[in-house]
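File shown: start_21.cif. Contents: mmCIF, C-alpha atoms and all ligand atoms.
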data_target
loop_
_atom_site.group_PDB
_atom_site.id
_atom_site.type_symbol
_atom_site.label_atom_id
_atom_site.label_comp_id
_atom_site.auth_asym_id
_atom_site.auth_seq_id
_atom_site.Cartn_x
_atom_site.Cartn_y
_atom_site.Cartn_z
ATOM 1 C CA MET A 1 73.538 115.905 116.104
ATOM 2 C CA ASN A 2 76.144 114.888 113.571
ATOM 3 C CA LEU A 3 79.534 115.915 114.973
ATOM 4 C CA ASP A 4 82.725 114.972 113.145
ATOM 5 C CA LEU A 5 85.665 116.068 115.274
ATOM 6 C CA HIS A 6 88.636 114.698 113.322
ATOM 7 C CA CYS A 7 89.624 115.274 109.683
ATOM 8 C CA HIS A 8 92.456 116.507 107.476
ATOM 9 C CA SER A 9 93.035 118.979 104.658
ATOM 10 C CA THR A 10 95.923 119.834 102.324
ATOM 11 C CA ALA A 11 97.370 121.832 105.229
ATOM 12 C CA SER A 12 98.731 118.416 106.325
ATOM 13 C CA ASP A 13 98.113 115.068 104.627
ATOM 14 C CA GLY A 14 94.520 115.463 103.422
ATOM 15 C CA ALA A 15 93.679 115.491 99.730
ATOM 16 C CA LEU A 16 91.189 118.408 99.748
ATOM 17 C CA ALA A 17 91.693 122.092 100.546
ATOM 18 C CA PRO A 18 90.246 123.239 103.905
ATOM 19 C CA ALA A 19 87.197 124.938 102.338
ATOM 20 C CA ALA A 20 86.491 121.866 100.197
ATOM 21 C CA VAL A 21 86.609 119.613 103.288
ATOM 22 C CA VAL A 22 84.047 121.856 104.996
ATOM 23 C CA ARG A 23 81.706 121.941 101.976
ATOM 24 C CA ARG A 24 81.943 118.178 101.660
ATOM 25 C CA ALA A 25 81.202 117.743 105.378
ATOM 26 C CA ALA A 26 78.121 119.962 105.073
ATOM 27 C CA ALA A 27 76.963 117.984 102.025
ATOM 28 C CA HIS A 28 77.311 114.774 104.060
ATOM 29 C CA GLY A 29 75.138 116.081 106.886
ATOM 30 C CA VAL A 30 77.843 117.123 109.349
ATOM 31 C CA GLU A 31 76.538 119.836 111.670
ATOM 32 C CA VAL A 32 79.676 120.415 113.746
ATOM 33 C CA LEU A 33 83.087 119.914 112.175
ATOM 34 C CA ALA A 34 86.582 120.108 113.665
ATOM 35 C CA LEU A 35 89.493 120.373 111.243
ATOM 36 C CA THR A 36 92.440 118.628 112.925
ATOM 37 C CA ASP A 37 95.457 118.759 110.646
ATOM 38 C CA HIS A 38 98.677 117.111 111.823
ATOM 39 C CA ASP A 39 100.913 119.539 113.765
ATOM 40 C CA GLN A 40 99.559 122.431 111.730
ATOM 41 C CA LEU A 41 97.059 125.283 112.165
ATOM 42 C CA ASP A 42 97.323 126.842 108.706
ATOM 43 C CA GLY A 43 94.049 125.485 107.348
ATOM 44 C CA LEU A 44 91.834 126.726 110.176
ATOM 45 C CA ALA A 45 91.076 130.271 109.001
ATOM 46 C CA GLU A 46 89.953 129.123 105.553
ATOM 47 C CA ALA A 47 87.886 126.284 107.027
ATOM 48 C CA ARG A 48 86.236 128.528 109.630
ATOM 49 C CA GLU A 49 85.187 130.985 106.927
ATOM 50 C CA ALA A 50 83.865 128.180 104.715
ATOM 51 C CA ALA A 51 81.867 126.792 107.647
ATOM 52 C CA ARG A 52 80.239 130.188 108.148
ATOM 53 C CA ALA A 53 79.295 130.267 104.472
ATOM 54 C CA ALA A 54 77.989 126.684 104.564
ATOM 55 C CA GLY A 55 76.006 127.273 107.762
ATOM 56 C CA ILE A 56 77.662 124.601 109.894
ATOM 57 C CA LYS A 57 79.447 124.965 113.234
ATOM 58 C CA PHE A 58 83.224 124.883 113.229
ATOM 59 C CA VAL A 59 85.716 123.810 115.879
ATOM 60 C CA ASP A 60 89.378 124.838 115.678
ATOM 61 C CA GLY A 61 91.461 121.700 116.082
ATOM 62 C CA VAL A 62 94.854 120.088 115.633
ATOM 63 C CA GLU A 63 96.272 116.550 115.815
ATOM 64 C CA ILE A 64 99.662 116.531 117.544
ATOM 65 C CA SER A 65 102.228 113.783 116.874
ATOM 66 C CA VAL A 66 103.641 112.462 120.152
ATOM 67 C CA THR A 67 106.311 109.938 121.084
ATOM 68 C CA TRP A 68 105.481 108.089 124.298
ATOM 69 C CA HIS A 69 107.904 105.393 125.441
ATOM 70 C CA GLY A 70 108.889 104.826 121.824
ATOM 71 C CA VAL A 71 105.259 104.592 120.613
ATOM 72 C CA THR A 72 103.843 107.214 118.239
ATOM 73 C CA LEU A 73 100.544 108.567 119.574
ATOM 74 C CA HIS A 74 98.234 111.211 118.165
ATOM 75 C CA VAL A 75 96.612 113.731 120.508
ATOM 76 C CA LEU A 76 93.785 115.954 119.280
ATOM 77 C CA GLY A 77 93.427 119.477 120.592
ATOM 78 C CA LEU A 78 89.825 120.650 120.207
ATOM 79 C CA ARG A 79 88.548 124.248 120.601
ATOM 80 C CA ILE A 80 92.087 125.563 120.693
ATOM 81 C CA ASP A 81 92.884 129.231 120.189
ATOM 82 C CA PRO A 82 95.082 129.164 117.069
ATOM 83 C CA SER A 83 96.606 132.539 117.941
ATOM 84 C CA GLU A 84 98.176 131.189 121.161
ATOM 85 C CA ASP A 85 101.943 131.426 120.846
ATOM 86 C CA ILE A 86 102.869 128.500 123.091
ATOM 87 C CA LEU A 87 100.926 126.106 120.868
ATOM 88 C CA ALA A 88 102.139 127.617 117.581
ATOM 89 C CA THR A 89 105.779 127.527 118.685
ATOM 90 C CA GLY A 90 105.495 123.968 119.946
ATOM 91 C CA LEU A 91 103.983 122.793 116.673
ATOM 92 C CA GLU A 92 106.733 124.500 114.725
ATOM 93 C CA ALA A 93 109.288 122.393 116.568
ATOM 94 C CA VAL A 94 107.303 119.199 115.909
ATOM 95 C CA ARG A 95 107.155 119.967 112.172
ATOM 96 C CA ALA A 96 110.848 120.739 111.910
ATOM 97 C CA GLY A 97 111.986 117.130 111.563
ATOM 98 C CA ARG A 98 109.643 116.137 108.720
ATOM 99 C CA LEU A 99 111.765 117.139 105.742
ATOM 100 C CA GLY A 100 114.875 115.284 106.952
ATOM 101 C CA ARG A 101 112.804 112.218 107.777
ATOM 102 C CA ALA A 102 111.249 112.298 104.294
ATOM 103 C CA ARG A 103 114.695 112.359 102.678
ATOM 104 C CA ALA A 104 115.760 109.397 104.805
ATOM 105 C CA MET A 105 112.563 107.529 103.833
ATOM 106 C CA ALA A 106 113.298 108.176 100.159
ATOM 107 C CA ARG A 107 116.882 106.872 100.496
ATOM 108 C CA SER A 108 115.575 103.816 102.210
ATOM 109 C CA LEU A 109 112.959 103.166 99.500
ATOM 110 C CA GLU A 110 115.618 103.679 96.839
ATOM 111 C CA SER A 111 117.694 100.900 98.421
ATOM 112 C CA VAL A 112 114.821 98.477 97.767
ATOM 113 C CA GLY A 113 114.460 99.528 94.150
ATOM 114 C CA ILE A 114 112.022 102.456 94.365
ATOM 115 C CA PRO A 115 113.820 105.609 93.217
ATOM 116 C CA GLY A 116 112.390 109.127 93.055
ATOM 117 C CA SER A 117 109.992 108.888 95.982
ATOM 118 C CA PHE A 118 111.072 112.178 97.574
ATOM 119 C CA GLN A 119 110.114 114.194 94.484
ATOM 120 C CA GLY A 120 107.158 111.896 93.953
ATOM 121 C CA ALA A 121 105.781 112.421 97.454
ATOM 122 C CA LEU A 122 106.379 116.150 97.125
ATOM 123 C CA ARG A 123 104.054 116.270 94.129
ATOM 124 C CA HIS A 124 101.260 115.052 96.407
ATOM 125 C CA ALA A 125 102.032 117.574 99.171
ATOM 126 C CA GLU A 126 100.933 121.175 99.242
ATOM 127 C CA ASN A 127 103.606 122.125 101.764
ATOM 128 C CA PRO A 128 107.032 120.388 101.663
ATOM 129 C CA ALA A 129 107.493 120.994 105.390
ATOM 130 C CA MET A 130 104.460 118.765 106.031
ATOM 131 C CA LEU A 131 105.682 115.758 104.026
ATOM 132 C CA SER A 132 104.059 112.729 105.566
ATOM 133 C CA ARG A 133 103.955 108.990 105.060
ATOM 134 C CA THR A 134 100.548 109.558 103.465
ATOM 135 C CA HIS A 135 102.188 111.492 100.596
ATOM 136 C CA PHE A 136 104.642 108.638 100.074
ATOM 137 C CA ALA A 137 101.732 106.177 100.100
ATOM 138 C CA ARG A 138 99.913 108.170 97.410
ATOM 139 C CA TYR A 139 103.068 108.128 95.303
ATOM 140 C CA LEU A 140 103.514 104.357 95.717
ATOM 141 C CA VAL A 141 99.930 103.867 94.545
ATOM 142 C CA GLU A 142 100.467 106.298 91.658
ATOM 143 C CA ILE A 143 103.473 104.376 90.273
ATOM 144 C CA GLY A 144 101.692 101.065 90.720
ATOM 145 C CA VAL A 145 104.044 99.249 93.117
ATOM 146 C CA VAL A 146 100.984 98.776 95.340
ATOM 147 C CA SER A 147 97.304 98.870 94.461
ATOM 148 C CA ASP A 148 95.996 100.917 97.380
ATOM 149 C CA MET A 149 97.010 103.088 100.345
ATOM 150 C CA ARG A 150 96.485 100.272 102.805
ATOM 151 C CA SER A 151 99.038 98.029 101.108
ATOM 152 C CA ALA A 152 101.410 100.978 100.693
ATOM 153 C CA PHE A 153 101.540 101.294 104.494
ATOM 154 C CA HIS A 154 101.476 97.606 105.165
ATOM 155 C CA ARG A 155 104.289 96.759 102.728
ATOM 156 C CA TYR A 156 106.495 99.849 102.902
ATOM 157 C CA LEU A 157 105.648 102.423 105.524
ATOM 158 C CA VAL A 158 105.043 100.840 108.928
ATOM 159 C CA ALA A 159 107.704 99.879 111.496
ATOM 160 C CA GLY A 160 109.923 97.101 110.199
ATOM 161 C CA LYS A 161 109.229 97.877 106.514
ATOM 162 C CA PRO A 162 111.793 99.394 104.124
ATOM 163 C CA GLY A 163 110.369 102.932 103.934
ATOM 164 C CA TYR A 164 109.887 103.334 107.680
ATOM 165 C CA VAL A 165 112.183 105.775 109.463
ATOM 166 C CA PRO A 166 111.635 106.162 113.205
ATOM 167 C CA HIS A 167 111.128 109.725 114.355
ATOM 168 C CA ARG A 168 110.981 111.563 117.652
ATOM 169 C CA TRP A 169 107.827 113.734 117.967
ATOM 170 C CA ALA A 170 106.606 115.852 120.925
ATOM 171 C CA ALA A 171 106.559 114.474 124.477
ATOM 172 C CA LEU A 172 103.059 113.669 125.766
ATOM 173 C CA GLY A 173 103.321 116.193 128.600
ATOM 174 C CA GLU A 174 104.390 118.924 126.185
ATOM 175 C CA ALA A 175 101.530 118.339 123.780
ATOM 176 C CA LEU A 176 98.989 118.383 126.631
ATOM 177 C CA CYS A 177 100.551 121.567 127.969
ATOM 178 C CA TRP A 178 100.327 123.341 124.607
ATOM 179 C CA ILE A 179 96.686 122.336 124.168
ATOM 180 C CA ARG A 180 95.790 123.567 127.653
ATOM 181 C CA ALA A 181 97.734 126.809 127.098
ATOM 182 C CA ALA A 182 95.609 127.383 123.994
ATOM 183 C CA GLY A 183 92.420 126.810 126.006
ATOM 184 C CA GLY A 184 91.635 123.547 124.213
ATOM 185 C CA GLN A 185 90.537 120.077 125.248
ATOM 186 C CA ALA A 186 92.883 117.152 124.653
ATOM 187 C CA VAL A 187 91.474 113.933 123.191
ATOM 188 C CA LEU A 188 93.564 110.827 122.536
ATOM 189 C CA ALA A 189 93.046 109.917 118.879
ATOM 190 C CA HIS A 190 92.235 106.346 117.739
ATOM 191 C CA PRO A 191 93.552 104.520 120.857
ATOM 192 C CA GLY A 192 92.941 101.173 119.151
ATOM 193 C CA ARG A 193 95.730 101.833 116.667
ATOM 194 C CA TYR A 194 98.591 101.709 119.131
ATOM 195 C CA SER A 195 98.637 97.956 119.863
ATOM 196 C CA LEU A 196 99.170 98.597 123.577
ATOM 197 C CA SER A 197 98.608 95.885 126.182
ATOM 198 C CA ALA A 198 95.770 96.549 128.650
ATOM 199 C CA GLY A 199 98.393 97.436 131.261
ATOM 200 C CA ALA A 200 100.192 99.907 128.994
ATOM 201 C CA MET A 201 96.841 101.440 127.982
ATOM 202 C CA ASP A 202 95.972 101.984 131.674
ATOM 203 C CA LYS A 203 99.356 103.573 132.268
ATOM 204 C CA LEU A 204 98.877 105.840 129.254
ATOM 205 C CA MET A 205 95.371 106.833 130.372
ATOM 206 C CA MET A 206 96.597 107.727 133.842
ATOM 207 C CA GLU A 207 99.436 109.853 132.471
ATOM 208 C CA PHE A 208 97.137 111.441 129.903
ATOM 209 C CA ARG A 209 94.570 112.345 132.523
ATOM 210 C CA ALA A 210 97.180 113.619 134.987
ATOM 211 C CA GLY A 211 98.454 115.932 132.240
ATOM 212 C CA GLY A 212 94.987 117.378 131.734
ATOM 213 C CA GLY A 213 93.731 115.092 128.948
ATOM 214 C CA GLU A 214 89.931 114.997 128.882
ATOM 215 C CA GLY A 215 88.757 112.450 126.353
ATOM 216 C CA ILE A 216 89.467 109.548 123.998
ATOM 217 C CA GLU A 217 88.107 108.762 120.569
ATOM 218 C CA VAL A 218 85.689 105.869 120.776
ATOM 219 C CA VAL A 219 83.994 106.087 117.390
ATOM 220 C CA THR A 220 86.692 106.645 114.746
ATOM 221 C CA GLY A 221 87.422 105.435 111.254
ATOM 222 C CA SER A 222 90.431 103.607 112.701
ATOM 223 C CA HIS A 223 88.374 101.364 115.025
ATOM 224 C CA ALA A 224 86.700 98.117 114.133
ATOM 225 C CA LEU A 225 83.128 97.761 115.483
ATOM 226 C CA ASP A 226 84.206 95.661 118.497
ATOM 227 C CA GLN A 227 86.657 98.400 119.503
ATOM 228 C CA TYR A 228 83.779 100.860 120.050
ATOM 229 C CA ALA A 229 82.712 98.841 123.094
ATOM 230 C CA LEU A 230 86.288 98.202 124.200
ATOM 231 C CA PHE A 231 87.206 101.897 124.262
ATOM 232 C CA ALA A 232 83.841 102.939 125.665
ATOM 233 C CA ALA A 233 84.828 100.765 128.641
ATOM 234 C CA VAL A 234 88.281 102.365 128.799
ATOM 235 C CA ALA A 235 86.675 105.834 128.802
ATOM 236 C CA ALA A 236 84.317 104.831 131.615
ATOM 237 C CA LYS A 237 87.097 103.206 133.641
ATOM 238 C CA HIS A 238 89.292 106.309 133.525
ATOM 239 C CA ASP A 239 86.470 108.823 133.767
ATOM 240 C CA LEU A 240 87.259 110.313 130.368
ATOM 241 C CA ALA A 241 84.854 111.834 127.869
ATOM 242 C CA ALA A 242 84.285 110.181 124.485
ATOM 243 C CA SER A 243 84.703 111.615 121.012
ATOM 244 C CA ARG A 244 83.655 110.796 117.464
ATOM 245 C CA GLY A 245 85.575 111.569 114.287
ATOM 246 C CA SER A 246 85.975 110.094 110.839
ATOM 247 C CA ASP A 247 89.703 110.890 110.398
ATOM 248 C CA PHE A 248 88.747 111.692 106.793
ATOM 249 C CA HIS A 249 91.789 112.242 104.532
ATOM 250 C CA GLY A 250 90.229 112.331 101.082
ATOM 251 C CA PRO A 251 87.509 110.931 98.813
ATOM 252 C CA GLY A 252 87.955 107.191 98.449
ATOM 253 C CA GLU A 253 90.572 107.025 101.225
ATOM 254 C CA GLY A 254 89.135 105.500 104.389
ATOM 255 C CA VAL A 255 85.949 106.720 106.070
ATOM 256 C CA GLU A 256 83.685 109.469 104.702
ATOM 257 C CA LEU A 257 82.970 112.676 106.646
ATOM 258 C CA GLY A 258 80.108 112.354 109.120
ATOM 259 C CA ALA A 259 79.434 108.756 108.143
ATOM 260 C CA LEU A 260 80.208 106.851 111.360
ATOM 261 C CA PRO A 261 77.670 105.591 113.942
ATOM 262 C CA ALA A 262 76.712 107.907 116.812
ATOM 263 C CA LEU A 263 78.369 107.613 120.224
ATOM 264 C CA ASP A 264 76.659 105.269 122.660
ATOM 265 C CA ALA A 265 74.215 107.422 124.660
ATOM 266 C CA ARG A 266 75.672 106.145 127.953
ATOM 267 C CA LEU A 267 78.997 107.843 127.225
ATOM 268 C CA CYS A 268 79.854 111.360 128.285
ATOM 269 C CA PRO A 269 80.578 113.203 125.021
ATOM 270 C CA ILE A 270 83.496 115.623 124.856
ATOM 271 C CA TRP A 271 81.029 118.256 123.603
ATOM 272 C CA GLN A 272 78.790 117.935 126.688
ATOM 273 C CA HIS A 273 79.483 121.480 127.876
ATOM 274 C CA TRP A 274 79.813 123.122 124.478
ATOM 275 C CA GLU A 275 77.223 125.655 123.397
ATOM 276 C CA LEU A 276 75.956 124.130 120.169
HETATM 277 P P1 LIG B 1 103.317 110.516 109.523
HETATM 278 O O1 LIG B 1 102.802 111.543 110.482
HETATM 279 O O2 LIG B 1 104.084 111.125 108.390
HETATM 280 O O3 LIG B 1 104.052 109.404 110.188
HETATM 281 O O4 LIG B 1 102.068 109.883 108.800
HETATM 282 C C1 LIG B 1 101.032 109.331 109.557
HETATM 283 C C2 LIG B 1 99.770 109.279 108.717
HETATM 284 O O5 LIG B 1 99.787 108.153 107.872
HETATM 285 C C3 LIG B 1 98.557 109.122 109.580
HETATM 286 O O6 LIG B 1 98.079 110.362 109.993
HETATM 287 C C4 LIG B 1 97.589 108.467 108.637
HETATM 288 O O7 LIG B 1 96.988 109.457 107.827
HETATM 289 C C5 LIG B 1 98.465 107.634 107.766
HETATM 290 N N1 LIG B 1 98.546 106.226 108.192
HETATM 291 C C6 LIG B 1 99.289 105.706 109.183
HETATM 292 N N2 LIG B 1 99.163 104.368 109.234
HETATM 293 C C7 LIG B 1 98.315 104.038 108.243
HETATM 294 C C8 LIG B 1 97.786 102.805 107.742
HETATM 295 N N3 LIG B 1 98.109 101.630 108.303
HETATM 296 N N4 LIG B 1 96.927 102.854 106.693
HETATM 297 C C9 LIG B 1 96.606 104.035 106.114
HETATM 298 N N5 LIG B 1 97.073 105.228 106.541
HETATM 299 C C10 LIG B 1 97.916 105.224 107.582
HETATM 300 MN MN MN B 2 97.067 111.545 108.476
HETATM 301 MN MN MN B 3 96.081 110.032 113.629
HETATM 302 MN MN MN B 4 94.054 112.046 111.819
#

Go through the file and emit its structure as structure tokens.
Amino acid sequence: MNLDLHCHSTASDGALAPAAVVRRAAAHGVEVLALTDHDQLDGLAEAREAARAAGIKFVDGVEISVTWHGVTLHVLGLRIDPSEDILATGLEAVRAGRLGRARAMARSLESVGIPGSFQGALRHAENPAMLSRTHFARYLVEIGVVSDMRSAFHRYLVAGKPGYVPHRWAALGEALCWIRAAGGQAVLAHPGRYSLSAGAMDKLMMEFRAGGGEGIEVVTGSHALDQYALFAAVAAKHDLAASRGSDFHGPGEGVELGALPALDARLCPIWQHWEL
């Protein structure tokens, strides 16, 4: 089965509306889709309805921004109940800092000769409260200071670069708690992106599991091919399930919906006990 359990819509930093993401997923052969917008549940109702119309299965999801020992991590909540108050309230608090951070990013970019990026990023965002580095990256591409999203991040938006402003997100324990309260399953997104040493990764996995985390992404648009095997081994070592998701953000940006290889059959998939 083609399951894609990680993607974004205009409810956070995706380029397509929730219903358009679902229709595109169906057209690309996805049979089970989770919409996992950053710190935001607003797109789920529209996507769920579109999935019904398109005849594919839909999973309510979210991708929570977490700060763990100074490192930003992303934790997916899959099969969450979006009406659960504990989760909704927690996410509200996580979102609260975005606008101030965006203003600080814009000031910082202005100091290196790029004015107007706050308004510019806003034009690419549906919801000002969800302003993300992705919206700044789209603006930097639009005005031609970089040629693509990748260089926008690399040159301006990652730690140590002029547009980067550190931010404090949710604590790991909190995020896991909210996901469990909403009846969901927690999956660590794209573990290969965090540049952790093997020791730090083990420490993270133990904490994640102790807090009720159930799986890690093995096949994701953020992993190079050799990282599939690496994180399959990490999943096996820590007795965690494995997940697969494109992390689709928009046409022509990164990996297409449903397009990645299947999970290795020896792994225990996060959907093992789902009725599909
Ligand atoms: P934010 O939550 O505002 O810090 O933005 C994080 C988002 O930026 C991620 O969800 C990705 O969509 C995107 N992103 C982060 N790093 C990169 C990168 N190196 N290349 C492309 N997109 C990235
Ligand atoms: Mn994103
Ligand atoms: Mn992510
Ligand atoms: Mn994502």

For the PyMOL selection byres (((chain A and resi 38-47) around 8) and not hetatm), applied here, can you spell out every residue it catches as number ranges by chain? A: 8-13, 17-19, 21-22, 35-37, 48-51, 58, 60-65, 82, 88, 91-92, 94-95

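Across the structure, atom CA of Arg103 of chain A and atom C1 of ligand LIG 1 (chain B) are spaced 15.6 Å apart.
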
7 Å from ligand MN 3 (chain B) is the threshold here; counting only C-alpha atoms and all ligand atoms, which polymer residues fall inside it? Answer as a short mmCIF file (atom, residue, chain, number, x, y, z; two decimals) with C-alpha atoms, keeping the file's coordinate frame.
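Dumped everything to pocket24.cif:
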data_model
loop_
_atom_site.label_atom_id
_atom_site.label_comp_id
_atom_site.auth_asym_id
_atom_site.auth_seq_id
_atom_site.Cartn_x
_atom_site.Cartn_y
_atom_site.Cartn_z
CA GLU A 63 96.27 116.55 115.82
CA HIS A 74 98.23 111.21 118.16
CA ALA A 189 93.05 109.92 118.88
CA HIS A 190 92.24 106.35 117.74
#

For this session: Run the PyMOL selection byres (((not hetatm)) within 9 of (chain B and resi 1)) against the file shown and list the residues it catches, as JSON, numbers by chain.
Result: {"A": [8, 12, 13, 14, 37, 38, 39, 63, 65, 72, 74, 98, 101, 102, 130, 131, 132, 133, 134, 135, 136, 137, 149, 150, 151, 152, 153, 154, 157, 158, 164, 165, 166, 167, 193, 222, 247, 248, 249, 253, 254]}

Please dump the current selection as a PDB file, in the frame of the given file; keep C-alpha atoms.
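Wrote selection_21.pdb, looks like this:
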ATOM      1  CA  HIS A   8      92.456 116.507 107.476  1.00  0.00           C
ATOM      2  CA  SER A  12      98.731 118.416 106.325  1.00  0.00           C
ATOM      3  CA  ASP A  13      98.113 115.068 104.627  1.00  0.00           C
ATOM      4  CA  GLY A  14      94.520 115.463 103.422  1.00  0.00           C
ATOM      5  CA  ASP A  37      95.457 118.759 110.646  1.00  0.00           C
ATOM      6  CA  HIS A  38      98.677 117.111 111.823  1.00  0.00           C
ATOM      7  CA  ASP A  39     100.913 119.539 113.765  1.00  0.00           C
ATOM      8  CA  GLU A  63      96.272 116.550 115.815  1.00  0.00           C
ATOM      9  CA  SER A  65     102.228 113.783 116.874  1.00  0.00           C
ATOM     10  CA  THR A  72     103.843 107.214 118.239  1.00  0.00           C
ATOM     11  CA  HIS A  74      98.234 111.211 118.165  1.00  0.00           C
ATOM     12  CA  ARG A  98     109.643 116.137 108.720  1.00  0.00           C
ATOM     13  CA  ARG A 101     112.804 112.218 107.777  1.00  0.00           C
ATOM     14  CA  ALA A 102     111.249 112.298 104.294  1.00  0.00           C
ATOM     15  CA  MET A 130     104.460 118.765 106.031  1.00  0.00           C
ATOM     16  CA  LEU A 131     105.682 115.758 104.026  1.00  0.00           C
ATOM     17  CA  SER A 132     104.059 112.729 105.566  1.00  0.00           C
ATOM     18  CA  ARG A 133     103.955 108.990 105.060  1.00  0.00           C
ATOM     19  CA  THR A 134     100.548 109.558 103.465  1.00  0.00           C
ATOM     20  CA  HIS A 135     102.188 111.492 100.596  1.00  0.00           C
ATOM     21  CA  PHE A 136     104.642 108.638 100.074  1.00  0.00           C
ATOM     22  CA  ALA A 137     101.732 106.177 100.100  1.00  0.00           C
ATOM     23  CA  MET A 149      97.010 103.088 100.345  1.00  0.00           C
ATOM     24  CA  ARG A 150      96.485 100.272 102.805  1.00  0.00           C
ATOM     25  CA  SER A 151      99.038  98.029 101.108  1.00  0.00           C
ATOM     26  CA  ALA A 152     101.410 100.978 100.693  1.00  0.00           C
ATOM     27  CA  PHE A 153     101.540 101.294 104.494  1.00  0.00           C
ATOM     28  CA  HIS A 154     101.476  97.606 105.165  1.00  0.00           C
ATOM     29  CA  LEU A 157     105.648 102.423 105.524  1.00  0.00           C
ATOM     30  CA  VAL A 158     105.043 100.840 108.928  1.00  0.00           C
ATOM     31  CA  TYR A 164     109.887 103.334 107.680  1.00  0.00           C
ATOM     32  CA  VAL A 165     112.183 105.775 109.463  1.00  0.00           C
ATOM     33  CA  PRO A 166     111.635 106.162 113.205  1.00  0.00           C
ATOM     34  CA  HIS A 167     111.128 109.725 114.355  1.00  0.00           C
ATOM     35  CA  ARG A 193      95.730 101.833 116.667  1.00  0.00           C
ATOM     36  CA  SER A 222      90.431 103.607 112.701  1.00  0.00           C
ATOM     37  CA  ASP A 247      89.703 110.890 110.398  1.00  0.00           C
ATOM     38  CA  PHE A 248      88.747 111.692 106.793  1.00  0.00           C
ATOM     39  CA  HIS A 249      91.789 112.242 104.532  1.00  0.00           C
ATOM     40  CA  GLU A 253      90.572 107.025 101.225  1.00  0.00           C
ATOM     41  CA  GLY A 254      89.135 105.500 104.389  1.00  0.00           C
TER      42      GLY A 254
END

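The smallest atom-to-atom distance between His69 of chain A and any of A:Lys161, A:Lys203, A:Arg266, A:Arg209, using all atoms listed in the file, is found for A:Lys203.
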
Discussion item. Running the PyMOL selection byres (((chain A and resi 174) around 12) and not hetatm) on this model by hand, what would come out? Give it as a ChimeraX atom specification.
Written reply: /A:64-68,75,86-87,89-91,93-94,169-173,175-181,186,208,211-213

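In this model, the gap between atom CA of Tyr194 of chain A and atom CA of Leu99 of chain A comes to 24.3 Å.
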
Cut-off 8 Å around (88.0, 112.1, 125.3) with only C-alpha atoms: residues as a count of residues only: 15

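For the choices A:Met206, A:Ser246, A:Tyr156, A:Leu76, the atom-to-atom distance to His223 of chain A is smallest for A:Ser246 when using only C-alpha atoms.
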
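Atom pair atom CA of Gly252 of chain A / atom CA of Gly97 of chain A has a distance of 29.1 Å (rounded to one decimal).
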
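Between ligand MN 4 (chain B) and the candidates A:Ala232, A:Gly184, A:Ile143, A:Asp4, the tightest atom-to-atom separation, counting only C-alpha atoms and all ligand atoms, involves A:Asp4.
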
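By chain and then residue number, the residues within 6 Å of Leu5 of chain A are A:Leu33, A:Ala34, A:Gly245, counting all atoms listed in the file and disregarding those fewer than 6 positions away in sequence.
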
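Distance check against Met1 of chain A using all atoms listed in the file: of A:Gly144, A:Pro128, A:Gly258, A:Gly221, the minimum falls on A:Gly258.
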
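Candidate residues A:Ser147, A:Glu275, A:Arg79, A:Gly250 were compared for distance to ligand MN 2 (chain B), and the nearest is A:Gly250, using all atoms listed in the file.
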
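Minimum atom-to-atom distance to ligand MN 2 (chain B), evaluated using all atoms listed in the file, belongs to A:Ala15 out of A:Ala15, A:Val219, A:Ala198, A:Leu3.
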
For segment 241-252 of chain A, what centre and edge lengths in Å (one decimal) does the axis-aligned box get once 6 Å is added on each side of all its listed atoms, as lines of an AutoDock Vina configuration file?
center_x = 87.7
center_y = 109.8
center_z = 113.2
size_x = 20.1
size_y = 17.1
size_z = 41.4

N, CA, C and O atoms modelled onto segment 1-7 of chain A, as an mmCIF file, in the frame of the given file:
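Contents of the output file rebuild.cif:
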data_model
loop_
_atom_site.group_PDB
_atom_site.id
_atom_site.type_symbol
_atom_site.label_atom_id
_atom_site.label_comp_id
_atom_site.auth_asym_id
_atom_site.auth_seq_id
_atom_site.Cartn_x
_atom_site.Cartn_y
_atom_site.Cartn_z
ATOM 1 N N MET A 1 72.762 115.019 116.977
ATOM 2 C CA MET A 1 73.538 115.905 116.104
ATOM 3 C C MET A 1 74.702 115.162 115.469
ATOM 4 O O MET A 1 75.292 114.296 116.082
ATOM 5 N N ASN A 2 75.025 115.544 114.247
ATOM 6 C CA ASN A 2 76.144 114.888 113.571
ATOM 7 C C ASN A 2 77.424 115.708 113.776
ATOM 8 O O ASN A 2 77.630 116.731 113.135
ATOM 9 N N LEU A 3 78.254 115.246 114.727
ATOM 10 C CA LEU A 3 79.534 115.915 114.973
ATOM 11 C C LEU A 3 80.664 115.060 114.425
ATOM 12 O O LEU A 3 80.751 113.867 114.730
ATOM 13 N N ASP A 4 81.519 115.660 113.625
ATOM 14 C CA ASP A 4 82.725 114.972 113.145
ATOM 15 C C ASP A 4 83.918 115.801 113.607
ATOM 16 O O ASP A 4 84.164 116.893 113.102
ATOM 17 N N LEU A 5 84.647 115.262 114.592
ATOM 18 C CA LEU A 5 85.665 116.068 115.274
ATOM 19 C C LEU A 5 87.088 115.634 114.924
ATOM 20 O O LEU A 5 88.006 115.795 115.743
ATOM 21 N N HIS A 6 87.279 115.120 113.725
ATOM 22 C CA HIS A 6 88.636 114.698 113.322
ATOM 23 C C HIS A 6 88.682 114.554 111.803
ATOM 24 O O HIS A 6 88.045 113.662 111.250
ATOM 25 N N CYS A 7 89.422 115.424 111.129
ATOM 26 C CA CYS A 7 89.624 115.274 109.683
ATOM 27 C C CYS A 7 90.807 116.125 109.227
ATOM 28 O O CYS A 7 91.329 116.934 109.995
#
